[in-house]
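Asker: Before I ask anything, here is the structure I am working with.
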Amino acid sequence: MSTIAPARGGTAPATAGDGPLTGTAALLGLALRRDRLKLPLWITGIAVFVPYFYTVLSVSGSQPGGMRAFAGLVDSPMVLVFTGPLFGFDEITLQRAFLTYTIEFLLGAALMNILLVTRHTRGEEQTGRAELVRAGVIGRHAPLTAALVLALAADAVLGLLMAGAMAGLGFPASSALLFGAGTAATGLVFAGITAFTVQLTEHTKGAAGLAALALAAAWTLRAAGAAQAVEGGPWTWLSPLGWAQLTRVLADERWWPLALSLGLAAAAAAGGYALSARRDLGARLMAQRPGPTSAGPRLRSPFALALRLQRASLLWWAAGMVVVGFVWGSLAGAMRQGMAEAIIGGGEDPALAYLSLMAVFMTVIVGAFTILSAGRLRTEEVRGRAAPVLARPVGRSAWFAAFLATAASGSVGLLALTGLATGAGAALAIGDGALVGELLAASLARAPEPLLLAGLAAALYGFAPRWGWAAWAVLGFGCIARFWGESLHWPGWLMAVSPFNHIPRMPLEGFAPGPVLALAALAAALAALGLYGYSRRDLDG
Amino acid sequence: MTAPAIEVRGLVKTFRTTRALDGLDLTVAHGEVHGFLGPNGAGKSTTIRILLGLMRADSGRAAVLGRDAWSDAVALHRRLAYVPGDVELWPNLTGGEAIDLLGRLHGGQDRARRDELVRRFELDTAKKGRTYSKGNRQKVALVAALSSGADLLVLDEPTSGLDPLMEAVFQEVVGEAKAAGQTVLLSSHILAQVEKLADRISIIRKGAVVQSGTLSELRHLTRTTVEAATATPATGIDTLPGVRDAEADGRHVRFTVDSEHLDGAIKHLGGFGIQALTSHPPTLEELMLRHYGDGDAA
């Protein structure tokens, strides 16, 4: 188009077909361009675990007694809580054993959809780019529609890729397709839920947080249902994470539970459209209280500022961890009964084995808070908010220490609350009040693990601020090593690299000061190293 | 040429407890550059968002190019282009990609004009959005809007990040747009900038337009403030035609004068031996203070 003569005067000509969806295709193109690396990484990153898990399983299954161990999985309520419902395990096959990994795929797909929809809807509004875009020939519902179409396409590709991989591994094609479709449909549910939550809050964090809350609720409902019965109790039917497994892949297969997924996805998305039509661009539907018009007397130091900035997020984390700790702690009651053999913990008291595993698990979750909180240093710097503070008589070390101290003390506080809540849940379920103190101690003994992550984040921030994501890689690696490393037959040195494999698993094992002190010292050394690097480098932003 | 390019009547918009627009009226004729002037928080951006159909007014009527700004938003956007005051770009798209994308979202772009504007604004289009400064992000949005051939350009404080050289380029380009028959709504809080470009000006304060007219109609607003030091105390300043607010303090004198009487006032001062002289046009704050007795609006 070389020239566009402006048509002057009169009224704008009506253009046929202009409506709320005009421009969806253009926005879809933009989204694909923006995500041309991110989305393929997500999809292959999830799908690659199909051949990986299956290969590892076939190694275990080929060992003497391996297949019998798989069949015993369903006897353990703890395994069911994390993997159930399961079908056809009375006649165990390697392929059916693979289905114990279903939840991991569903969670991966759900997270991909939550972040994708948030990124392309509220994320664009929050930055103000949506204003620029919507001033073009873009219908009111085009941005949300483009995000949902992108999610649908990503889920379809993910499902097909997983089904293809399974078919390649020798699964029956129809079963592989059902498994892939179940993952895709679950992803779509959370795309729909996110389409709803992004209408409620002004920032992506809140929107993604609400969707993650829905995901946690779904996980808990499914876990509760799995504890009720091997093939899923009534609670399972209430959970969007349960429906994919209720298709009974490889055992009397049925497709119709996926209709529940599609129905919920459509209903939630429709709710999102309805809410979005009732609000202005960039506005939120949840009310915001007016804040104080002047600073409180204690807001007078870098540490007070760091704490004030993270106050809301700390409170939300604390509330979430208390609920999760209590619910998971109370599941310890189920571990008491009918356990032939504890798969994790090998023969000891199953309730204590379960609780010690929970202590590790929740420390890993707190570790995510630690990295996020320490990451605030970087956010403050690149957004240009650190410079005006550092231009005042505030030293770099005070600023650095303030944020690190917030991350560290916040993590320890969360661990204490989590331990108390887990202990309270377990004590009520089992009827043993001593568990409260034991779980508090077990939780606090693990404090050096998140502190090490804080130290690592600090060292990265001091020397290689663009590599801050590496702390997440260590957390992810530690998580995989802790929960799958043993069953994946990882070598000892690889397991030893993980920070989560050294502190004894209390209350199953006794306290040992050696590893606790060693990790704490390492954390302090890394933090000091980070301060050294930070006080010497240029500031960005 | 029946309907004006923009016709707004009695616009009201309330955000929870704040009344952002309070019965705002605004008329912009076809082919004019209209200055939309007001202090921060007066309601300029809210008005513009309503004109773009991004917000819905609580009451009142907003018509753009003869059509309703809310219900016909998509069709209208084929004929208007917009530059916000705070431009955000996609971090992993280059400036060139962003310009073309915004052009396509608008529905067309004059390629030759785009390249010419990129050259004149000295924009490096190969850099990624995340590396641009505020001024460069603004250039991206300006190039996209000005090469779109839209009938109506809506510019919301479009030069707040530009240096004086680029500001001059911007003024040239807006002049060309006007010559090509495009209508421009130019919002700003700096009177001097709007003065250079605008045929007509509307001044907005606390959600309502308090003054609207051509520059000559608003001549009384464009008074020059003069401060001078003279060799002997200057007398008789306050009796000169067009002079107001005269204050004398020994050999220092300060007064304001209508632009058309500036020459006479300076000649009068010359009789006392001018040793130092500064003069500046009224700032928006001074206007607000002087004409509406309300300095805190600024």
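Residue numbers start at 1 in each chain; chains themselves are named A, B, ... in the order of the structure tokens; ligands are numbered from 1 in the order shown.
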Please provide as a PyMOL selection string all residues within 12 Å of A:Ala407, with the sequence filter that same-chain residues fewer than 6 positions apart are discarded (counting only C-alpha atoms).

Answerer: chain A and resi 303+306-307+309-311+313-314+366-377+400-401+413-414+447+450-455+457-458+527

Asker: Give as an MDAnalysis selection string every residue of chain B that touches chain A within 6 Å, counting only C-alpha atoms.

Answerer: chainID B and resid 1:2 54:55 65:66 74 77:78 88 105:106 110:111 149 151

Asker: At a cut-off of 7 Å, using only C-alpha atoms, what residues contact B:Ile201? Leave out same-chain residues fewer than 3 positions from it and give the result as a PDB file with all heavy atoms, in the first residue's frame.

Answerer:
```pdb
ATOM      1  N   HIS B  34      -6.138  20.815  17.181  1.00  0.00           N
ATOM      2  CA  HIS B  34      -6.818  21.304  18.362  1.00  0.00           C
ATOM      3  C   HIS B  34      -5.979  21.000  19.594  1.00  0.00           C
ATOM      4  O   HIS B  34      -5.682  19.840  19.881  1.00  0.00           O
ATOM      5  CB  HIS B  34      -8.192  20.643  18.484  1.00  0.00           C
ATOM      6  CG  HIS B  34      -9.099  21.328  19.470  1.00  0.00           C
ATOM      7  ND1 HIS B  34     -10.099  22.184  19.074  1.00  0.00           N
ATOM      8  CD2 HIS B  34      -9.118  21.312  20.812  1.00  0.00           C
ATOM      9  CE1 HIS B  34     -10.719  22.658  20.154  1.00  0.00           C
ATOM     10  NE2 HIS B  34     -10.140  22.143  21.223  1.00  0.00           N
ATOM     11  N   GLY B  35      -5.570  22.052  20.298  1.00  0.00           N
ATOM     12  CA  GLY B  35      -4.789  21.858  21.514  1.00  0.00           C
ATOM     13  C   GLY B  35      -5.701  21.549  22.679  1.00  0.00           C
ATOM     14  O   GLY B  35      -6.701  22.246  22.898  1.00  0.00           O
ATOM     15  N   PHE B  36      -5.365  20.487  23.423  1.00  0.00           N
ATOM     16  CA  PHE B  36      -6.191  20.064  24.546  1.00  0.00           C
ATOM     17  C   PHE B  36      -5.308  20.210  25.771  1.00  0.00           C
ATOM     18  O   PHE B  36      -4.414  19.415  26.022  1.00  0.00           O
ATOM     19  CB  PHE B  36      -6.603  18.611  24.320  1.00  0.00           C
ATOM     20  CG  PHE B  36      -7.687  18.123  25.237  1.00  0.00           C
ATOM     21  CD1 PHE B  36      -8.715  18.955  25.649  1.00  0.00           C
ATOM     22  CD2 PHE B  36      -7.698  16.806  25.655  1.00  0.00           C
ATOM     23  CE1 PHE B  36      -9.711  18.487  26.482  1.00  0.00           C
ATOM     24  CE2 PHE B  36      -8.697  16.329  26.480  1.00  0.00           C
ATOM     25  CZ  PHE B  36      -9.706  17.176  26.895  1.00  0.00           C
ATOM     26  N   ALA B 198      -1.377  24.730  17.418  1.00  0.00           N
ATOM     27  CA  ALA B 198      -2.836  24.581  17.430  1.00  0.00           C
ATOM     28  C   ALA B 198      -3.560  25.744  16.752  1.00  0.00           C
ATOM     29  O   ALA B 198      -3.154  26.897  16.866  1.00  0.00           O
ATOM     30  CB  ALA B 198      -3.315  24.442  18.865  1.00  0.00           C
ATOM     31  N   SER B 212     -12.380  27.742  25.565  1.00  0.00           N
ATOM     32  CA  SER B 212     -12.163  27.108  24.276  1.00  0.00           C
ATOM     33  C   SER B 212     -12.236  28.185  23.204  1.00  0.00           C
ATOM     34  O   SER B 212     -13.114  29.048  23.247  1.00  0.00           O
ATOM     35  CB  SER B 212     -13.239  26.047  24.024  1.00  0.00           C
ATOM     36  OG  SER B 212     -12.885  25.253  22.929  1.00  0.00           O
ATOM     37  N   GLY B 213     -11.310  28.162  22.259  1.00  0.00           N
ATOM     38  CA  GLY B 213     -11.387  29.154  21.189  1.00  0.00           C
ATOM     39  C   GLY B 213     -10.130  29.167  20.351  1.00  0.00           C
ATOM     40  O   GLY B 213      -9.204  28.391  20.595  1.00  0.00           O
ATOM     41  N   THR B 214     -10.108  30.065  19.334  1.00  0.00           N
ATOM     42  CA  THR B 214      -8.908  30.186  18.516  1.00  0.00           C
ATOM     43  C   THR B 214      -7.866  30.943  19.320  1.00  0.00           C
ATOM     44  O   THR B 214      -8.165  31.534  20.350  1.00  0.00           O
ATOM     45  CB  THR B 214      -9.197  30.971  17.232  1.00  0.00           C
ATOM     46  OG1 THR B 214      -9.546  32.307  17.610  1.00  0.00           O
ATOM     47  CG2 THR B 214     -10.328  30.350  16.445  1.00  0.00           C
ATOM     48  N   LEU B 215      -6.636  30.918  18.804  1.00  0.00           N
ATOM     49  CA  LEU B 215      -5.567  31.595  19.521  1.00  0.00           C
ATOM     50  C   LEU B 215      -5.865  33.073  19.699  1.00  0.00           C
ATOM     51  O   LEU B 215      -5.610  33.641  20.757  1.00  0.00           O
ATOM     52  CB  LEU B 215      -4.250  31.413  18.774  1.00  0.00           C
ATOM     53  CG  LEU B 215      -3.423  30.237  19.257  1.00  0.00           C
ATOM     54  CD1 LEU B 215      -2.152  30.129  18.445  1.00  0.00           C
ATOM     55  CD2 LEU B 215      -3.103  30.402  20.733  1.00  0.00           C
TER      56      LEU B 215
END
```

Asker: Could you list, as a list in words, every residue within 10 Å of B:Val253, counting only C-alpha atoms and ignoring same-chain residues fewer than 3 positions away?

Answerer: Val226, Glu227, Ala228, Ala229, Thr230, Pro233, Ala234, Thr235, Ile237, Ala246, Glu247, Ala248, Asp249, Gly250, Leu269 and Leu277 of chain B

Asker: Output the selection as a compact mmCIF listing (two decimals), in the first residue's frame - all heavy atoms for each residue.

Answerer:
```
# COMPACT_ATOMS: atom_id res chain seq x y z
N VAL B 226 7.30 40.12 31.85
CA VAL B 226 8.58 40.80 31.62
C VAL B 226 9.17 41.16 32.97
O VAL B 226 8.48 41.66 33.85
CB VAL B 226 8.39 42.08 30.77
CG1 VAL B 226 9.71 42.83 30.61
CG2 VAL B 226 7.79 41.73 29.41
N GLU B 227 10.46 40.87 33.13
CA GLU B 227 11.19 41.31 34.31
C GLU B 227 12.41 42.07 33.82
O GLU B 227 13.09 41.60 32.90
CB GLU B 227 11.65 40.11 35.16
CG GLU B 227 10.52 39.47 35.92
CD GLU B 227 10.99 38.30 36.76
OE1 GLU B 227 11.77 38.53 37.69
OE2 GLU B 227 10.60 37.15 36.43
N ALA B 228 12.66 43.22 34.39
CA ALA B 228 13.77 44.02 33.89
C ALA B 228 14.45 44.76 35.04
O ALA B 228 13.83 45.03 36.08
CB ALA B 228 13.28 45.02 32.85
N ALA B 229 15.72 45.03 34.84
CA ALA B 229 16.45 45.93 35.75
C ALA B 229 16.87 47.13 34.91
O ALA B 229 17.37 46.96 33.79
CB ALA B 229 17.67 45.22 36.32
N THR B 230 16.64 48.32 35.38
CA THR B 230 16.94 49.51 34.60
C THR B 230 17.94 50.39 35.36
O THR B 230 18.08 50.28 36.58
CB THR B 230 15.66 50.31 34.33
OG1 THR B 230 14.94 50.45 35.57
CG2 THR B 230 14.79 49.63 33.31
N PRO B 233 15.10 54.11 38.15
CA PRO B 233 13.80 53.48 38.39
C PRO B 233 12.79 53.81 37.29
O PRO B 233 12.63 54.98 36.90
CB PRO B 233 13.37 54.07 39.73
CG PRO B 233 14.64 54.44 40.40
CD PRO B 233 15.58 54.86 39.32
N ALA B 234 12.16 52.73 36.73
CA ALA B 234 11.19 52.91 35.65
C ALA B 234 9.87 53.38 36.24
O ALA B 234 9.39 52.82 37.23
CB ALA B 234 11.02 51.60 34.90
N THR B 235 9.28 54.39 35.66
CA THR B 235 7.99 54.89 36.15
C THR B 235 6.98 54.84 35.02
O THR B 235 7.35 54.74 33.84
CB THR B 235 8.11 56.34 36.64
OG1 THR B 235 8.72 57.11 35.60
CG2 THR B 235 8.94 56.42 37.91
N ILE B 237 4.93 52.59 34.13
CA ILE B 237 4.69 51.30 33.47
C ILE B 237 3.19 50.95 33.54
O ILE B 237 2.59 50.51 32.56
CB ILE B 237 5.51 50.18 34.14
CG1 ILE B 237 7.02 50.45 34.01
CG2 ILE B 237 5.16 48.83 33.57
CD1 ILE B 237 7.61 50.12 32.69
N ALA B 246 1.68 45.19 37.28
CA ALA B 246 3.01 45.79 37.39
C ALA B 246 3.42 45.86 38.86
O ALA B 246 2.65 46.24 39.73
CB ALA B 246 2.99 47.17 36.77
N GLU B 247 4.68 45.46 39.12
CA GLU B 247 5.25 45.59 40.46
C GLU B 247 6.63 46.20 40.27
O GLU B 247 7.42 45.72 39.46
CB GLU B 247 5.45 44.21 41.11
CG GLU B 247 4.20 43.42 41.35
CD GLU B 247 4.50 41.96 41.64
OE1 GLU B 247 5.64 41.65 42.09
OE2 GLU B 247 3.61 41.11 41.39
N ALA B 248 6.92 47.28 41.01
CA ALA B 248 8.23 47.91 40.90
C ALA B 248 8.90 47.85 42.27
O ALA B 248 8.25 48.01 43.30
CB ALA B 248 8.11 49.35 40.43
N ASP B 249 10.20 47.59 42.26
CA ASP B 249 10.96 47.53 43.50
C ASP B 249 12.31 48.17 43.21
O ASP B 249 13.24 47.51 42.76
CB ASP B 249 11.13 46.07 43.94
CG ASP B 249 12.01 45.97 45.18
OD1 ASP B 249 12.19 46.99 45.87
OD2 ASP B 249 12.52 44.86 45.44
N GLY B 250 12.38 49.48 43.41
CA GLY B 250 13.59 50.22 43.09
C GLY B 250 13.86 50.17 41.59
O GLY B 250 13.00 50.55 40.79
N LEU B 269 10.51 51.02 28.44
CA LEU B 269 11.58 50.63 29.37
C LEU B 269 12.93 51.16 28.91
O LEU B 269 13.77 51.55 29.72
CB LEU B 269 11.66 49.09 29.46
CG LEU B 269 10.78 48.38 30.47
CD1 LEU B 269 11.09 46.89 30.44
CD2 LEU B 269 10.97 48.94 31.87
N LEU B 277 17.14 41.94 31.10
CA LEU B 277 15.75 41.78 30.66
C LEU B 277 15.46 40.29 30.46
O LEU B 277 16.21 39.59 29.77
CB LEU B 277 15.54 42.52 29.33
CG LEU B 277 14.16 42.41 28.71
CD1 LEU B 277 13.16 43.24 29.51
CD2 LEU B 277 14.17 42.88 27.26
```

Asker: Rounded to one decimal place, report the atom CA of B:Phe255-atom CA of B:Thr224 distance in Å.

Answerer: 8.4 Å

Asker: Quick one: pick out all alpha helix (DSSP H) residues within stretch 14-259 of chain B from a backbone DSSP run and write them as number ranges by chain.

Answerer: B: 44-51, 73-77, 95-106, 111-120, 134-146, 164-179, 191-197

Asker: Save out the residues we just selected, C-alpha atoms, as a CSV table (one decimal), in the first residue's frame.

Answerer:
```csv
chain,number,residue,atom,x,y,z
B,44,LYS,CA,-7.2,14.8,29.5
B,45,SER,CA,-6.3,11.1,29.2
B,46,THR,CA,-9.7,10.0,30.5
B,47,THR,CA,-11.4,12.0,27.8
B,48,ILE,CA,-9.1,10.5,25.2
B,49,ARG,CA,-9.7,6.9,26.4
B,50,ILE,CA,-13.5,7.6,26.1
B,51,LEU,CA,-13.0,9.0,22.6
B,73,ALA,CA,-15.1,1.9,18.1
B,74,VAL,CA,-13.8,-0.7,15.7
B,75,ALA,CA,-15.0,1.0,12.6
B,76,LEU,CA,-13.8,4.3,13.9
B,77,HIS,CA,-10.3,3.0,14.5
B,95,GLY,CA,11.1,-1.1,16.9
B,96,GLY,CA,10.6,-1.8,13.1
B,97,GLU,CA,8.4,-4.8,13.8
B,98,ALA,CA,6.4,-2.8,16.3
B,99,ILE,CA,5.8,0.0,13.8
B,100,ASP,CA,4.6,-2.4,11.1
B,101,LEU,CA,2.5,-4.4,13.5
B,102,LEU,CA,0.7,-1.2,14.8
B,103,GLY,CA,0.3,-0.2,11.1
B,104,ARG,CA,-1.3,-3.5,10.3
B,105,LEU,CA,-3.6,-3.3,13.4
B,106,HIS,CA,-4.7,0.0,12.1
B,111,ARG,CA,5.4,2.5,3.5
B,112,ALA,CA,7.3,5.4,2.0
B,113,ARG,CA,6.1,7.8,4.6
B,114,ARG,CA,7.0,5.3,7.3
B,115,ASP,CA,10.6,5.1,6.1
B,116,GLU,CA,10.8,8.8,5.7
B,117,LEU,CA,9.6,9.4,9.3
B,118,VAL,CA,12.0,6.8,10.7
B,119,ARG,CA,14.8,8.7,9.0
B,120,ARG,CA,13.7,12.1,10.2
B,134,LYS,CA,11.1,6.5,26.7
B,135,GLY,CA,11.8,8.9,23.8
B,136,ASN,CA,12.5,6.1,21.4
B,137,ARG,CA,9.4,4.2,22.3
B,138,GLN,CA,7.4,7.4,21.7
B,139,LYS,CA,9.1,7.8,18.3
B,140,VAL,CA,7.9,4.2,17.4
B,141,ALA,CA,4.3,5.1,18.2
B,142,LEU,CA,4.6,8.5,16.5
B,143,VAL,CA,5.9,6.9,13.3
B,144,ALA,CA,3.2,4.3,13.3
B,145,ALA,CA,0.5,6.8,13.8
B,146,LEU,CA,1.8,9.5,11.4
B,164,PRO,CA,14.2,19.7,21.6
B,165,LEU,CA,15.6,18.7,18.2
B,166,MET,CA,13.0,15.8,17.9
B,167,GLU,CA,10.3,18.1,19.2
B,168,ALA,CA,11.1,20.4,16.2
B,169,VAL,CA,10.8,17.4,13.9
B,170,PHE,CA,7.5,16.6,15.5
B,171,GLN,CA,6.2,20.1,15.0
B,172,GLU,CA,7.1,19.9,11.3
B,173,VAL,CA,5.4,16.6,10.8
B,174,VAL,CA,2.2,17.7,12.6
B,175,GLY,CA,2.2,20.8,10.2
B,176,GLU,CA,2.4,18.4,7.3
B,177,ALA,CA,-0.4,16.3,8.6
B,178,LYS,CA,-2.5,19.4,8.9
B,179,ALA,CA,-1.6,20.5,5.3
B,191,LEU,CA,1.0,25.9,26.7
B,192,ALA,CA,4.1,27.0,24.6
B,193,GLN,CA,4.0,23.6,22.7
B,194,VAL,CA,0.3,23.8,21.9
B,195,GLU,CA,0.6,27.5,21.0
B,196,LYS,CA,3.0,26.7,18.1
B,197,LEU,CA,0.8,24.1,16.5
```

Asker: What separation in Å, quoted to one decimal, exists between atom CA of A:Phe463 and atom CA of A:Gly530?

Answerer: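 Computing the Euclidean distance for atom CA of A:Phe463 and atom CA of A:Gly530 yields 6.7 Å.
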
Asker: Give the strand (DSSP E or B) residues of stretch 17-86 of chain B, as DSSP finds them on the backbone, and put them as a PyMOL selection string.

Answerer: chain B and resi 18-28+33-37+59-64+67-68+80-83

Asker: Compare B:Ala126, B:Tyr82, B:Asp238, B:Ala69 by their minimum atom-to-atom distance to B:Thr94, counting only C-alpha atoms, and give me the closest one.

Answerer: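 Between B:Ala126, B:Tyr82, B:Asp238, B:Ala69, the residue approaching B:Thr94 most closely is B:Ala126.
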
Asker: Between A:Ala429, A:Ala268, A:Leu37, A:Ala304, which one has atoms that come closest to A:Phe326, using only C-alpha atoms?

Answerer: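 Smallest distance to A:Phe326 is found for A:Ala429.
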